[in-house]
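Remarks on the structure that follows.
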Amino acid sequence: MNEQHESGSFLVEMRGISKSFPGVQASDGIDLRLRYGEVLALLGENGAGKSTLMNILSGLYRPDSGEILVGGRHVTISGPRDAAALGIGMVHQNFMLVDTMTVTENVVLGIRDLAFIPDMAEIKRGILELSERYNLKVEPDAFIWQLSVGEQQRVEILKLLYRNAEILILDEPTAVLTPQEAQELNHVVKRMKGEGKSAVFITHKMEEVMSFSDRVMVLRKGKVVAGKDTKDTNPRDLAKLMVGREVLFQLDRKPFAPGSTVLELRDVCARDERGLPALSGVSFMIRAGEILGIAGVAGNGQRELSEVITGLRKASSGSISINCVDFTGKSPLEIIRSGVSHIPQDRIAVGAVGDMSVANNIAMKGYRSKPLSFAGMLRPRKILELARKMIDSFRISTPSPETRVKFLSGGNIQKTILAREIESCEALLIAVYPSRGLDIGATEAVRKELIAQRESGRAVLLISEDIDELVTTCDTIAVFFEGRVMGIMPAAGAEIEEIGLLMAGVKPGTEASA
Amino acid sequence: MKFYFEKRKALSVKAVVLVPVVSFVVSLLLTAVILFIFGANPLATYAAMFGGAFGSGRAFTETLVKAIPLMLTGLGVALAFKMRFWNIGAEGQLAMGGISAAAVALFASPWIPKVILLPAVLAGACLAGALWAGIPALLKTSLKVDETLTTLMMNYVAILISETLYYGPWRDPNGFGFPGTAPFPEAAWLPRFAGRAHIGLVFGVILAVALWIVLDRTRWGFELKIIGNSQASARYLGISVERNIVMAILLSGAASGLAGGCEVTAISHRLQQGMSLGYGYTAIIVAWMAQLNPIAVVFVSLLMAGLLVGGDQVQMMMGLPAAMGLVIQGMILFPMLAGSFFTEYHIKVVRSPKAAVAAGGAA
C-alpha cells in the first residue's frame with residue numbers, strides 16, 4: 001500500500017454507510033474519506049455513532065448498506081482479520097490484552113502465519129526496534145498485569161505496528177491517560193504520520209481535536225454534520241456543531257457559604273490489594289455546601305480514598321467521622337444509611353448491574369424502605385414510577401425503564417447511577433471520575449448536578465483528573481500524590497501550574513527540575 | 001451471500017422463547033440419527049416413548065413419580081446457579097435428605113406424636129440437605145474453596161454413607177438379607193394420590209411459585225439477583241454478599257433434601273438401594289433447560305421425567321439399549337448450550353456486491 005498515488009485519491013473511502021440496531025439508527029448514510037498520511041478526528045457525543053462507524057471499518061460490525069474502498073478497491077471486511085490484511089487496526093477503549101502473558105506474547109498473539117514454535121528472540125528484537133522507532137517505551141518481557149494503563153495502550157499500538165498497520169483507529173485513546181501520556185501519544189501519532197501512515201481517532205474532547213488532527217468530522221445522531229480542516233475551526237464552533245446548541249463553559253453558582261463539617265478524615269492510612277500503602281496520613285474535611293475536589297493522576301490513592309470513606313476498604317489507622325459521628329470501620333450499609341452516596345469509579349462493573357433494568361438500577365438504594373418496598377415485598381409499580389420520574393429529570397435516554405442497563409451508552413449508564421445516588425443522598429456525595437468518558441452534554445449535566453447538591457446544603461467530594469473540571473466545579477481543591485495530601489487550596493484563583501506541580505509530587509519552591 | 005454472527009444490541013423475547021424449543025427439536029433430530037444407526041425407526045421410537053410416558057394414566061403417574069424429585073432438585077440447583085454458585089451436589093443433598101428422613105422415621109418416631117411425625121421427617125430431610133450444601137457454601141465464602149469440586153465430592157461421601165447405613169447398622173434384620181432399612185411406620189408415609197404419584201408434586205409446585213415470588217417480588221430476591229449478577233455491585237450497595245450466598249445455598253440444599261425425603265417416605269417407605277436414579281445430576285440439565293426460571297423448572301422436569309420413563313419403554317418395546325433414554329437426555333443439553341449463543345447473537349446475512357473483492361487474500 002506504499003505505492004505512489006496521485007493526489008486526490010483516498011486511502012479509505014466509506015460511502016453511504018448505514019447501520020441500525022433495534023431502536024437506533026447508529027449510522028445514517030455516512031460518507032468518510034481518509035487521505036494518505038492524514039490524521040482524522042471523529043468528533044461526536046456519546047451515541048453519535050463514532051464507534052459504530054469505526055467498528056464497521058475494523059470488521060466487527062457489517063453495515064446494512066454502503067460500500068468501503070481501501071486504496072481505491074472495493075472491499076468486504078468480514079472480520080478483524082480481513083481488516084488486518086488491509087492494514088487496518090483498531091485500539092479499542094477496553095484493551096484486548098491477556099493479563100497473564102508478556103508484552104511480546106501479546107503482540108504476536110493471533111498472528112496467523114506465525115511459526116509453530118515462534119522465534120521469540122527474533123520477535124522481541126522486532127518489537128524493540130519498533131518501540132525505538134516510534135518512541136513507544138515498553139519492556140518486552142513484562143507481564144501485562146504489571147503495566148500501567150498508558151503502557152498497556154502502547155502495547156496495543158505496538159501490536160498494530162507489528163502487523164504493519166497503515167491505518168490506525170484509536171477509540172478515545174486519551175480517556176485513560178495522564179496529560180503527559182496523552183502528549184506522548186500525540187508524538188507517536190505524528191511520527192507515524194511522518195511515515196505516511198494514517199489514523200482515525202474518536203474523541204469528544206476539543207483540545208485533542210485541535211492538537212492531534214489535520215481534519216475533523218463531526219457526527220451527530222448517526223449523521224455527518226460537518227467536515228473541516230482543523231486549522232479552519234475552533235473549539236467553540238466544534239462544540240456547537242457536536243451538541244447542536246451553545247455549550248456553557250461556565251457554570252452558575254451561588255457564593256461559597258460553607259456550613260458545619262460533614263466529613264472529616266484524620267490521619268487515615270490504608271493499604272491496597274497488594275498490601276502496599278495506598279493512603280498515608282490523609283486528613284481533610286468537607287463542610288455542608290462545599291465541593292472539595294481531589295486532584296491527582298489516577299492511581300495515587302483516589303480509589304482507595306473513596307473506598308475507605310464508603311466502608312468498602314478498612315482503614316489501617318486514623319479516623320473518619322460523618323456529621324461528627326465516628327464511622328471508622330463501619331459497614332458499607334451503615335455508611336449508606338448515614339446519608340452517604342457514592343458514584344464509583346467503575347460504573348459498569350460496580351456502579352450499575354448491566355443485566356438488570358434501568359428501573360431496577362435506579363431502585364438499588366431505595367428498595368430497602370417505603371415507598372419502593374413494604375414488609376419485605378417490592379412494589380414494582382412504585383419502582384417504575386420513580387424510574388420514570390428519574391429518567392425524565394436526568395434525561396436518561398433509554399427505550400424504556402425496563403431496558404437492561406447494558407444496552408445503554410456510557411453517558412446514560414452514568415446518568416442512571418447519578419439519578420440513584422443523588423435521589424438517595426442526604427449528607428455527602430462522593431463522585432469518582434464522574435465525567436470520565438462522557439460527552440460535553442452529559443459532562444455538563446453531571447457538573448450541574450454536583451453543584452445542585454452543594455446548593456442544597458450537602459457536602460460533595462469530587463475526585464477528578466481534569467483540572468479544568470476541578471477549577472470550575474469545586475470550592476476547595478486538595479492535591480493527591482502517592483496517597484498523601486500535597487496541599488489544600490481554594491479553587492477560586494488556584495494556579496493550574498501549581499496544581500500540576502503538586503500532582504507530580506513537587507512542592508512549590510523545592511522543584512529540582514522542570 | 002454470506003452469513004455472519006453479530007452480537008445483539010437488545011434482548012429479543014422471541015429468541016428467549018424460541019431457542020429452547022428449537023434446541024429441543026434439534027436434539028430430537030440428532031437422536032434420530034443415532035436411532036437410525038441402531039436400526040430403529042426414529043418416529044416409531046419417539047411414538048413409543050411418548051406413549052410410554054404420557055399414553056396412559058398409569059404411565060403418566062410413573063412420569064410424575066420421576067418428575068417430583070427432578071422438580072425439587074431442579075429448583076434447588078436453579079437457585080444456586082442464579083447466585084453463580086455451581087452446586088452440582090444435589091445428588092448428595094438428596095441422599096442426605098433420605099438418610100435424615102430415615103433416621104427420624106425409624107429412630108425418633110417413638111417420641112414424636114403421630115400427627116407431626118411426617119412433617120418432622122420431612123423437616124429433618126430439608127435440614128440435612130441444607131447442611132450438606134451449607135458446608136461447601138461456607139468453604140466458598142470464607143476460604144474461597146471452589147464449590148464445583150466440594151459439592152461434587154460430597155455426593156460420593158453422602159451416597160457411601162447411605163450405603164454403609166443400609167448395608168450395616170440400619171439393615172432390617174427381617175429383610176431376608178436385602179440391603180435396606182426396616183419399613184417406616186405408616187404415620188411417616190407421604191400420601192399418594194394416584195398410582196405411586198404422591199403429594200410431593202404439591203411441594204414442588206408450591207416451591208416453584210414461592211421461589212418465583214421470592215426472586216421476583218421480594219427485597220431479599222432483589223438482593224440475590226444483584227449478587228448473582230455482580231458481587232462488586234452488591235458490596236458497593238451495602239448488601240452482605242457472603243451471608244446471602246450461604247442463605248440461598250442452604251435453601252437450595254433444603255430443596256434437594258426434601259426430594260430425598262419424599263423419595264423414601266412416598267416411594268420405598270424405607271432407605272434402600274436405588275433411591276436416586278441420578279436425579280441430582282439430571283437436575284442440572286433441568287435447571288439449564290428452564291433457563292433458571294422456577295416456573296419453567298416444573299414443566300421441564302415433567303418433560304425430562306417423560307424421557308426417563310419413555311426411555312424404559314423403548315428398551316422393552318423396541319429392543320434398544322436402556323441407555324438410549326440417557327443418550328437422549330445428554331443430546332438435549334448440547335443443543336441447549338449451543339442454542340444459548342443465539343440469545344446473545346444473531347445471524348446476519350450479507351449479499352456481497354458484484355464488484356466486491358474478498359479481502360482475505362491480501363497480507
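Residues are named by chain letter and number: chains run A, B, ... in the order of the C-alpha cells, numbers start at 1 in each chain, and ligands are numbered from 1 in the order shown.
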Spatial neighbours of Ala194 in chain B, max dist 12 Å, only C-alpha atoms, sep filter under 2 positions, as a PyMOL selection string: chain B and resi 57-65+191-192+196-199+201+266
With N, CA, C and O atoms retained, write the just-selected residues as a PDB file, in the first residue's frame.
```pdb
ATOM      1  N   GLY B  57     -52.973 -43.485  32.005  1.00  0.00           N
ATOM      2  CA  GLY B  57     -52.988 -42.948  33.359  1.00  0.00           C
ATOM      3  C   GLY B  57     -51.819 -43.500  34.164  1.00  0.00           C
ATOM      4  O   GLY B  57     -51.108 -42.770  34.844  1.00  0.00           O
ATOM      5  N   ARG B  58     -51.578 -44.805  34.041  1.00  0.00           N
ATOM      6  CA  ARG B  58     -50.506 -45.432  34.794  1.00  0.00           C
ATOM      7  C   ARG B  58     -49.137 -44.880  34.368  1.00  0.00           C
ATOM      8  O   ARG B  58     -48.295 -44.560  35.202  1.00  0.00           O
ATOM      9  N   ALA B  59     -48.988 -44.755  33.047  1.00  0.00           N
ATOM     10  CA  ALA B  59     -47.718 -44.227  32.531  1.00  0.00           C
ATOM     11  C   ALA B  59     -47.500 -42.819  33.068  1.00  0.00           C
ATOM     12  O   ALA B  59     -46.404 -42.466  33.522  1.00  0.00           O
ATOM     13  N   PHE B  60     -48.573 -42.026  33.045  1.00  0.00           N
ATOM     14  CA  PHE B  60     -48.425 -40.635  33.450  1.00  0.00           C
ATOM     15  C   PHE B  60     -48.070 -40.521  34.940  1.00  0.00           C
ATOM     16  O   PHE B  60     -47.228 -39.706  35.332  1.00  0.00           O
ATOM     17  N   THR B  61     -48.706 -41.380  35.774  1.00  0.00           N
ATOM     18  CA  THR B  61     -48.361 -41.279  37.197  1.00  0.00           C
ATOM     19  C   THR B  61     -46.901 -41.671  37.410  1.00  0.00           C
ATOM     20  O   THR B  61     -46.211 -41.077  38.233  1.00  0.00           O
ATOM     21  N   GLU B  62     -46.402 -42.644  36.640  1.00  0.00           N
ATOM     22  CA  GLU B  62     -44.986 -43.003  36.780  1.00  0.00           C
ATOM     23  C   GLU B  62     -44.085 -41.843  36.353  1.00  0.00           C
ATOM     24  O   GLU B  62     -43.023 -41.609  36.926  1.00  0.00           O
ATOM     25  N   THR B  63     -44.529 -41.134  35.313  1.00  0.00           N
ATOM     26  CA  THR B  63     -43.772 -39.951  34.893  1.00  0.00           C
ATOM     27  C   THR B  63     -43.761 -38.914  36.020  1.00  0.00           C
ATOM     28  O   THR B  63     -42.722 -38.315  36.314  1.00  0.00           O
ATOM     29  N   LEU B  64     -44.923 -38.758  36.668  1.00  0.00           N
ATOM     30  CA  LEU B  64     -44.975 -37.805  37.792  1.00  0.00           C
ATOM     31  C   LEU B  64     -44.027 -38.222  38.906  1.00  0.00           C
ATOM     32  O   LEU B  64     -43.341 -37.388  39.498  1.00  0.00           O
ATOM     33  N   VAL B  65     -43.993 -39.548  39.183  1.00  0.00           N
ATOM     34  CA  VAL B  65     -43.118 -40.047  40.251  1.00  0.00           C
ATOM     35  C   VAL B  65     -41.682 -39.601  40.019  1.00  0.00           C
ATOM     36  O   VAL B  65     -40.969 -39.203  40.949  1.00  0.00           O
ATOM     37  N   PRO B 191     -48.562 -39.341  51.651  1.00  0.00           N
ATOM     38  CA  PRO B 191     -49.726 -39.859  50.930  1.00  0.00           C
ATOM     39  C   PRO B 191     -49.545 -39.820  49.414  1.00  0.00           C
ATOM     40  O   PRO B 191     -48.940 -38.906  48.876  1.00  0.00           O
ATOM     41  N   ARG B 192     -50.094 -40.863  48.740  1.00  0.00           N
ATOM     42  CA  ARG B 192     -50.116 -40.891  47.285  1.00  0.00           C
ATOM     43  C   ARG B 192     -51.503 -40.507  46.824  1.00  0.00           C
ATOM     44  O   ARG B 192     -52.483 -40.736  47.528  1.00  0.00           O
ATOM     45  N   ARG B 196     -48.404 -44.394  42.059  1.00  0.00           N
ATOM     46  CA  ARG B 196     -47.364 -44.068  43.037  1.00  0.00           C
ATOM     47  C   ARG B 196     -47.131 -42.560  43.137  1.00  0.00           C
ATOM     48  O   ARG B 196     -46.258 -42.115  43.887  1.00  0.00           O
ATOM     49  N   ALA B 197     -47.872 -41.800  42.339  1.00  0.00           N
ATOM     50  CA  ALA B 197     -47.690 -40.340  42.365  1.00  0.00           C
ATOM     51  C   ALA B 197     -48.158 -39.798  43.710  1.00  0.00           C
ATOM     52  O   ALA B 197     -49.224 -40.151  44.202  1.00  0.00           O
ATOM     53  N   HIS B 198     -47.328 -38.962  44.325  1.00  0.00           N
ATOM     54  CA  HIS B 198     -47.584 -38.537  45.697  1.00  0.00           C
ATOM     55  C   HIS B 198     -47.626 -37.020  45.823  1.00  0.00           C
ATOM     56  O   HIS B 198     -47.364 -36.307  44.842  1.00  0.00           O
ATOM     57  N   ILE B 199     -47.947 -36.554  47.009  1.00  0.00           N
ATOM     58  CA  ILE B 199     -48.173 -35.114  47.155  1.00  0.00           C
ATOM     59  C   ILE B 199     -46.869 -34.310  47.192  1.00  0.00           C
ATOM     60  O   ILE B 199     -46.896 -33.091  47.339  1.00  0.00           O
ATOM     61  N   LEU B 201     -45.554 -33.692  44.648  1.00  0.00           N
ATOM     62  CA  LEU B 201     -45.830 -32.836  43.492  1.00  0.00           C
ATOM     63  C   LEU B 201     -46.301 -31.458  43.948  1.00  0.00           C
ATOM     64  O   LEU B 201     -45.888 -30.427  43.403  1.00  0.00           O
ATOM     65  N   ALA B 266     -42.434 -41.661  50.361  1.00  0.00           N
ATOM     66  CA  ALA B 266     -43.571 -41.902  49.472  1.00  0.00           C
ATOM     67  C   ALA B 266     -43.388 -43.138  48.609  1.00  0.00           C
ATOM     68  O   ALA B 266     -44.348 -43.838  48.313  1.00  0.00           O
TER      69      ALA B 266
END
```
DSSP helix (DSSP H, G or I) selection over range 149-320 of chain A, as a PyMOL selection string: chain A and resi 149-162+179-194+206-212+230-232+235-243+302-310
Who sits within 12 Å of Ser162 in chain B, only C-alpha atoms, same chain under 2 positions skipped, as a PyMOL selection string: chain B and resi 92-103+155-160+164-171+179-181+260+270-276
So that each row is one residue of range 341-401 of chain A with an atom at most 7 Å from range 424-428 of chain A, can you give its shortest atom pair and the distance in Å to one decimal, using only C-alpha atoms, rows by chain and rising number, as CSV?
```
residue,atom,partner,partner_atom,distance
A:Ser341,CA,A:Cys425,CA,5.2
A:Lys365,CA,A:Ser424,CA,6.7
A:Gly366,CA,A:Ser424,CA,6.9
```
Within 7 Å of chain B: residues of chain A, using only C-alpha atoms, as number ranges by chain: A: 21-22, 74-77, 82, 85-86, 312, 332-333, 349-353, 355, 365, 367-368, 376-378, 407
Could you save the residues just selected, with C-alpha atoms, as a PDB file, in the first residue's frame?
```
ATOM      1  CA  PHE A  21     -29.669  -1.528  15.811  1.00  0.00           C
ATOM      2  CA  PRO A  22     -33.095  -2.211  17.284  1.00  0.00           C
ATOM      3  CA  HIS A  74     -13.915  -2.249  -3.243  1.00  0.00           C
ATOM      4  CA  VAL A  75     -13.544  -4.470  -0.226  1.00  0.00           C
ATOM      5  CA  THR A  76     -15.708  -6.570   2.030  1.00  0.00           C
ATOM      6  CA  ILE A  77     -14.446  -6.547   5.570  1.00  0.00           C
ATOM      7  CA  ASP A  82      -9.762  -9.059   6.947  1.00  0.00           C
ATOM      8  CA  ALA A  85      -4.973  -7.878   5.974  1.00  0.00           C
ATOM      9  CA  LEU A  86      -5.960  -4.486   4.565  1.00  0.00           C
ATOM     10  CA  LEU A 312     -15.584  -0.846  51.240  1.00  0.00           C
ATOM     11  CA  PRO A 332     -20.970  -0.005  53.788  1.00  0.00           C
ATOM     12  CA  LEU A 333     -24.647  -0.341  54.721  1.00  0.00           C
ATOM     13  CA  ALA A 349     -18.725  -3.383  36.883  1.00  0.00           C
ATOM     14  CA  VAL A 350     -19.619  -1.700  40.176  1.00  0.00           C
ATOM     15  CA  GLY A 351     -21.979   1.221  39.786  1.00  0.00           C
ATOM     16  CA  ALA A 352     -24.606  -0.488  37.671  1.00  0.00           C
ATOM     17  CA  VAL A 353     -25.828  -4.032  37.156  1.00  0.00           C
ATOM     18  CA  ASP A 355     -28.268  -7.355  33.213  1.00  0.00           C
ATOM     19  CA  LYS A 365     -30.617   2.246  47.029  1.00  0.00           C
ATOM     20  CA  TYR A 367     -35.544  -0.633  47.675  1.00  0.00           C
ATOM     21  CA  ARG A 368     -34.921  -1.153  51.378  1.00  0.00           C
ATOM     22  CA  GLY A 376     -40.144  -7.237  52.595  1.00  0.00           C
ATOM     23  CA  MET A 377     -42.058  -7.107  49.330  1.00  0.00           C
ATOM     24  CA  LEU A 378     -41.041  -4.914  46.410  1.00  0.00           C
ATOM     25  CA  PHE A 407     -27.792  -1.713  26.311  1.00  0.00           C
TER      26      PHE A 407
END
```
Residues near Asn87 in chain B, cut-off 8 Å, only C-alpha atoms, skip fewer than 2 positions along chain, as a ChimeraX atom specification: /B:77,80-81,85,89-90,133,147-148,151-152
DSSP-assigned strand (DSSP E or B) among range 95-290 of chain B, expressed as a count of residues only: 10
Point-to-point distance in Å for CA of Val405 in chain A and CA of Gly222 in chain A: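 It comes out at 21.2 Å.
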Spatial neighbours of Ile37 in chain B, max dist 12 Å, only C-alpha atoms, sep filter under 6 positions, as a PyMOL selection string: chain B and resi 30-31+320
Nearby residues (only C-alpha atoms) at most 7 Å from range 441-445 of chain A, same-chain spacing under 6 positions excluded, as a list in words: Val243, Gly411 and Ser435 of chain A
Non-local contacts of Leu211 in chain B (10 Å; only C-alpha atoms; under 2 positions in same chain excluded) as an MDAnalysis selection string: chainID B and resid 75:76 79 205:209 213:217 221 293:295
With N, CA and C atoms kept, could you save the residues just selected as a tab-separated table (two decimals), in the first residue's frame?
```
chain	number	residue	atom	x	y	z
B	75	LEU	N	-35.18	-27.12	41.16
B	75	LEU	CA	-35.40	-25.80	41.76
B	75	LEU	C	-34.20	-25.41	42.62
B	76	GLY	N	-33.71	-26.38	43.39
B	76	GLY	CA	-32.55	-26.11	44.24
B	76	GLY	C	-31.36	-25.70	43.41
B	79	LEU	N	-31.74	-22.21	41.81
B	79	LEU	CA	-31.50	-21.12	42.76
B	79	LEU	C	-29.99	-20.91	42.96
B	205	VAL	N	-44.62	-27.79	43.19
B	205	VAL	CA	-45.29	-26.66	42.54
B	205	VAL	C	-45.30	-25.46	43.48
B	206	ILE	N	-45.59	-25.72	44.78
B	206	ILE	CA	-45.61	-24.60	45.74
B	206	ILE	C	-44.23	-23.96	45.83
B	207	LEU	N	-43.21	-24.82	45.89
B	207	LEU	CA	-41.85	-24.28	46.00
B	207	LEU	C	-41.50	-23.44	44.77
B	208	ALA	N	-41.91	-23.93	43.59
B	208	ALA	CA	-41.61	-23.20	42.36
B	208	ALA	C	-42.25	-21.82	42.40
B	209	VAL	N	-43.52	-21.78	42.77
B	209	VAL	CA	-44.22	-20.50	42.80
B	209	VAL	C	-43.60	-19.59	43.87
B	213	ILE	N	-41.84	-15.98	43.39
B	213	ILE	CA	-42.25	-14.75	44.08
B	213	ILE	C	-41.07	-14.16	44.84
B	214	VAL	N	-40.32	-15.02	45.53
B	214	VAL	CA	-39.18	-14.52	46.29
B	214	VAL	C	-38.20	-13.80	45.38
B	215	LEU	N	-37.86	-14.45	44.25
B	215	LEU	CA	-36.84	-13.86	43.39
B	215	LEU	C	-37.34	-12.61	42.69
B	216	ASP	N	-38.61	-12.61	42.35
B	216	ASP	CA	-39.11	-11.53	41.52
B	216	ASP	C	-39.74	-10.39	42.31
B	217	ARG	N	-40.24	-10.68	43.51
B	217	ARG	CA	-41.07	-9.69	44.16
B	217	ARG	C	-40.57	-9.25	45.53
B	221	GLY	N	-35.04	-11.28	47.32
B	221	GLY	CA	-34.83	-11.75	45.97
B	221	GLY	C	-34.08	-10.72	45.13
B	293	ASN	N	-35.42	-20.46	35.41
B	293	ASN	CA	-36.71	-19.90	35.80
B	293	ASN	C	-37.51	-20.96	36.57
B	294	PRO	N	-37.88	-20.66	37.83
B	294	PRO	CA	-38.53	-21.69	38.68
B	294	PRO	C	-39.80	-22.27	38.07
B	295	ILE	N	-40.61	-21.42	37.45
B	295	ILE	CA	-41.86	-21.94	36.88
B	295	ILE	C	-41.55	-22.89	35.72
```
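A straight line drawn from CA of Met54 in chain A to CA of Leu161 in chain A is 18.2 Å long.
If only C-alpha atoms are the atoms counted, then among A:Arg191, A:Glu208, A:Ala315, A:Asp119 the closest residue to Ser131 in chain A is A:Arg191.
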